[in-house]
Structures are given as C-alpha cells and as structure tokens.
Amino acid sequence: MAIDEGRAWALRTLGADGVLVREQISAIIRDCHEKMANAQAEADMKHTGVYGQIWRKCLDEFVAVLGRLPSAEIIPRRGYKLVSFNGVVLFPWRFARERSTDIGSRPFAVSDTRISLFTQERDLAQQRLDIEFEHPELTQEERELLDAEAKALEETLSSHRVVVVPYASNPSALHSVDWGDATLGADGYLTFASMESLLDVGSGSLVDVEPAEDEGFSDGPIPRPQLGVKEEEADGGTHG
C-alpha cells in the first residue's frame with residue numbers, strides 16, 4: 001500500500017510524531033478560532049482587537065497540545081514558548097484576514113522574535129527520532145519508511161529549520177490552514193519548498209484534551225458570529 005505523501009512528508013520532517021502533529025494542527029487552530037470568535041462576540045465591540053489575539057492563543061495551544069507528544073521539545077524564544085520535533089520548530093502564523101490574500105505578499109520578518117527562528121542557534125543534541133515509543137497510528141509501510149529515513153534525517157537536520165503554519169482568518173471565518181518547510185529571505189519574505197493544506201486534515205478533535213461538558217467543536221461549519229463589523233476595520237493586526 002502506498003503511503004500518503006502528506007503523512008510521509010510529516011514523518012520525514014518531524015519524525016515518528018509527525019503524523020499526529022499533522023492531524024492535530026487544523027483542530028488546534030479551529031478550536032482557537034471558535035473560542036476567539038466567541039470572545040469577540042461577547043465583547044460586543046466594533047473593533048475586532050479581541051479576535052486579533054488569536055495569534056497568541058495559537059502559539060500557546062501549539063505548546064499545550066503538541067507539547068504532550070513524546071518527542072516534543074519546548075523551545076523558549078524571546079518571551080514565548082514554541083514546540084519543536086527533531087529540532088524543527090513549528091510556528092503558527094496568521095498572515096491575513098481574507099481568503100484572497102497571497103502568502104507571498106506578506107512580510108514575515110517584522111519582529112526580532114520571528115527573525116531569530118531562522119538565525120538563533122539551537123541545541124542540536126536535543127534532536128532525536130522518537131521511535132522507541134509506541135505509535136499505533138503508523139502503518140507498517142510508514143514504520144519502514146521512518147526506519148529507512150532515520151540516518152539521512154539526522155544528517156540533514158538544520159539548526160534553523162522551521163515549519164511555518166500560515167492561516168487566514170477573521171471573526172467570521174477560518175479561510176485556510178497550511179504548512180510547509182520555510183526559509184527566510186533577505187527581503188523578510190518566506191519561501192516554501194512545498195505547501196500542504198491542512199484545513200480538512202485530521203479528526204477534528206484534540207489529543208488528550210478533556211473539554212468542558214457544555215463546550216467543544218466538531219467538523220461542522222465554523223461559528224460565524226454576527227458582529228456587525230465592516231470588512232475594512234482593523235482587528236489588531238496579525239502579530240506573533
């Protein structure tokens with residue numbers, strides 16, 4: 001049986017936990033979107049600055065949820081915490097509010113924190129292929145791929161390798177969730193070696209999270225609170 005290319009890329013890039021990471025990312029961002037959209041509606045404000053804090057919510061939830069996986073490493077970075085696998089840092093990036101915005105049109109290097117993702121040395125001794133843990137989500141073919149790629153992966157890992165997770169959203173809609181291996185150009189813009197949409201990947205539920213009895217979300221339509229906000233109004237920016 002052929003291995004799904006998206007799952008294979010996740011295994012090659014992030015190691016044994018890569019498949020679970022790939023399946024959870026969309027669920028995490030959907031959950032953050034729902035909570036921040038509801039918070040914006042409760043605030044009853046024309047300015048969408050409440051929802052604008054989704055960038056920080058996603059950063060925190062990546063660490064809280066993905067940081068529980070066996071091979072996860074928590075990386076402190078200039079007042080923030082990020083999660084990495086095999087030395088490859090994951091960074092969620094809200095690059096736009098609208099579906100029509102092109103990722104390549106938005107500069108990434110707008111803060112020292114973001115620049116440091118690609119320039120600051122990390123401890124390569126922490127990088128590891130976590131194959132000693134049970135991974136029932138992997139097929140036999142995927143286990144064989146992981147074993148075959150292990151040595152090559154260790155030899156090619158870079159201390160500055162970053163997988164960026166760009167997403168576009170506003171209080172009314174989550175338009176896109178993608179991910180890809182990114183490099184930062186001298187002009188401050190990102191270049192992606194490849195890109196995969198994760199919007200419809202995964203089960204729609206979070207790993208090891210016990211939601212409150214009256215809360216939760218599913219694969220159904222994303223909430224669209226009626227805020228009465230004009231499209232051109234600012235929402236606190238796309239920070240992080």
# chains A, B, ... in the order shown; residues from 1 in each chain; ligands from 1
>>> residues_around(residues="Ile75 (chain A)", least_positions_apart="3", cutoff="9 Å", atoms="only C-alpha atoms", output="VMD selection string")
chain A and resid 80 to 84 89 122
>>> closest_atom_pairs(of="region 172-200 of chain A", to="region 160-166 of chain A", cutoff="7 Å", atoms="only C-alpha atoms", output="tab-separated table")
residue	atom	partner	partner_atom	distance
A:Val177	CA	A:Pro166	CA	6.1
A:Asp178	CA	A:Pro166	CA	5.5
A:Trp179	CA	A:Val165	CA	4.3
A:Gly180	CA	A:Val163	CA	5.4
A:Asp181	CA	A:Val163	CA	4.5
A:Ala182	CA	A:Val163	CA	5.8
>>> closest_residue(among="A:Ala27, A:Gly15, A:Gly52, A:Arg78", to="Ala39 (chain A)", atoms="only C-alpha atoms")
A:Gly52
>>> select_by_dssp(residues="region 45-199 of chain A", states="strand (DSSP E)", output="number ranges by chain")
A: 72-77, 80-85, 88-96, 162-170, 173-184, 190-192, 196-197
>>> residues_around(residues="Ile29 (chain A)", least_positions_apart="2", cutoff="9 Å", atoms="only C-alpha atoms", output="JSON, numbers by chain")
{"A": [24, 25, 26, 27, 31, 32, 33, 34, 54, 57, 58, 61, 62, 92, 167, 174, 177]}
>>> closest_residue(among="A:Leu69, A:Gly49, A:Glu142, A:Ala168", to="Arg94 (chain A)", atoms="only C-alpha atoms")
A:Ala168
>>> residues_around(residues="Ala109 (chain A)", least_positions_apart="2", cutoff="8 Å", atoms="only C-alpha atoms", output="list in words")
Pro107, Ser111, Asp112, Arg114, Ile115, Leu184, Gly188 and Tyr189 of chain A
>>> atom_distance(atom1="CA of Leu190 (chain A)", atom2="CA of Phe108 (chain A)")
6.5 Å
>>> closest_residue(among="A:Gly6, A:Pro70, A:Gly202, A:Gly185", to="Ile28 (chain A)", atoms="only C-alpha atoms")
A:Gly202
>>> closest_atom_pairs(of="region 66-127 of chain A", to="region 9-13 of chain A", cutoff="9 Å", atoms="only C-alpha atoms", output="Markdown table")
| residue | atom | partner | partner_atom | distance |
| --- | --- | --- | --- | --- |
| A:Phe85 | CA | A:Thr13 | CA | 8.4 |
| A:Asn86 | CA | A:Thr13 | CA | 8.0 |
| A:Val88 | CA | A:Thr13 | CA | 7.6 |
>>> write_last_selection(atoms="all heavy atoms", output="mmCIF file, in the first residue's frame")
data_model
loop_
_atom_site.group_PDB
_atom_site.id
_atom_site.type_symbol
_atom_site.label_atom_id
_atom_site.label_comp_id
_atom_site.auth_asym_id
_atom_site.auth_seq_id
_atom_site.Cartn_x
_atom_site.Cartn_y
_atom_site.Cartn_z
ATOM 1 N N PHE A 85 10.083 19.442 16.909
ATOM 2 C CA PHE A 85 10.249 17.999 16.793
ATOM 3 C C PHE A 85 11.497 17.752 15.968
ATOM 4 O O PHE A 85 11.614 18.264 14.861
ATOM 5 C CB PHE A 85 9.020 17.362 16.135
ATOM 6 C CG PHE A 85 7.758 17.500 16.938
ATOM 7 C CD1 PHE A 85 6.977 18.647 16.827
ATOM 8 C CD2 PHE A 85 7.373 16.507 17.826
ATOM 9 C CE1 PHE A 85 5.819 18.787 17.584
ATOM 10 C CE2 PHE A 85 6.218 16.647 18.585
ATOM 11 C CZ PHE A 85 5.440 17.790 18.470
ATOM 12 N N ASN A 86 12.436 16.994 16.525
ATOM 13 C CA ASN A 86 13.714 16.742 15.846
ATOM 14 C C ASN A 86 14.440 18.032 15.481
ATOM 15 O O ASN A 86 15.090 18.123 14.444
ATOM 16 C CB ASN A 86 13.498 15.903 14.583
ATOM 17 C CG ASN A 86 13.068 14.495 14.910
ATOM 18 O OD1 ASN A 86 13.444 13.938 15.933
ATOM 19 N ND2 ASN A 86 12.253 13.924 14.043
ATOM 20 N N VAL A 88 13.123 20.757 14.537
ATOM 21 C CA VAL A 88 12.355 21.542 13.564
ATOM 22 C C VAL A 88 11.240 22.276 14.314
ATOM 23 O O VAL A 88 10.340 21.647 14.872
ATOM 24 C CB VAL A 88 11.755 20.646 12.462
ATOM 25 C CG1 VAL A 88 10.987 21.489 11.443
ATOM 26 C CG2 VAL A 88 12.858 19.847 11.778
#
>>> atom_distance(atom1="CA of Tyr51 (chain A)", atom2="CA of Ala96 (chain A)")
12.9 Å
>>> closest_residue(among="A:Ser172, A:Ser71, A:Gln53, A:Asn38", to="Leu20 (chain A)", atoms="only C-alpha atoms")
A:Ser71
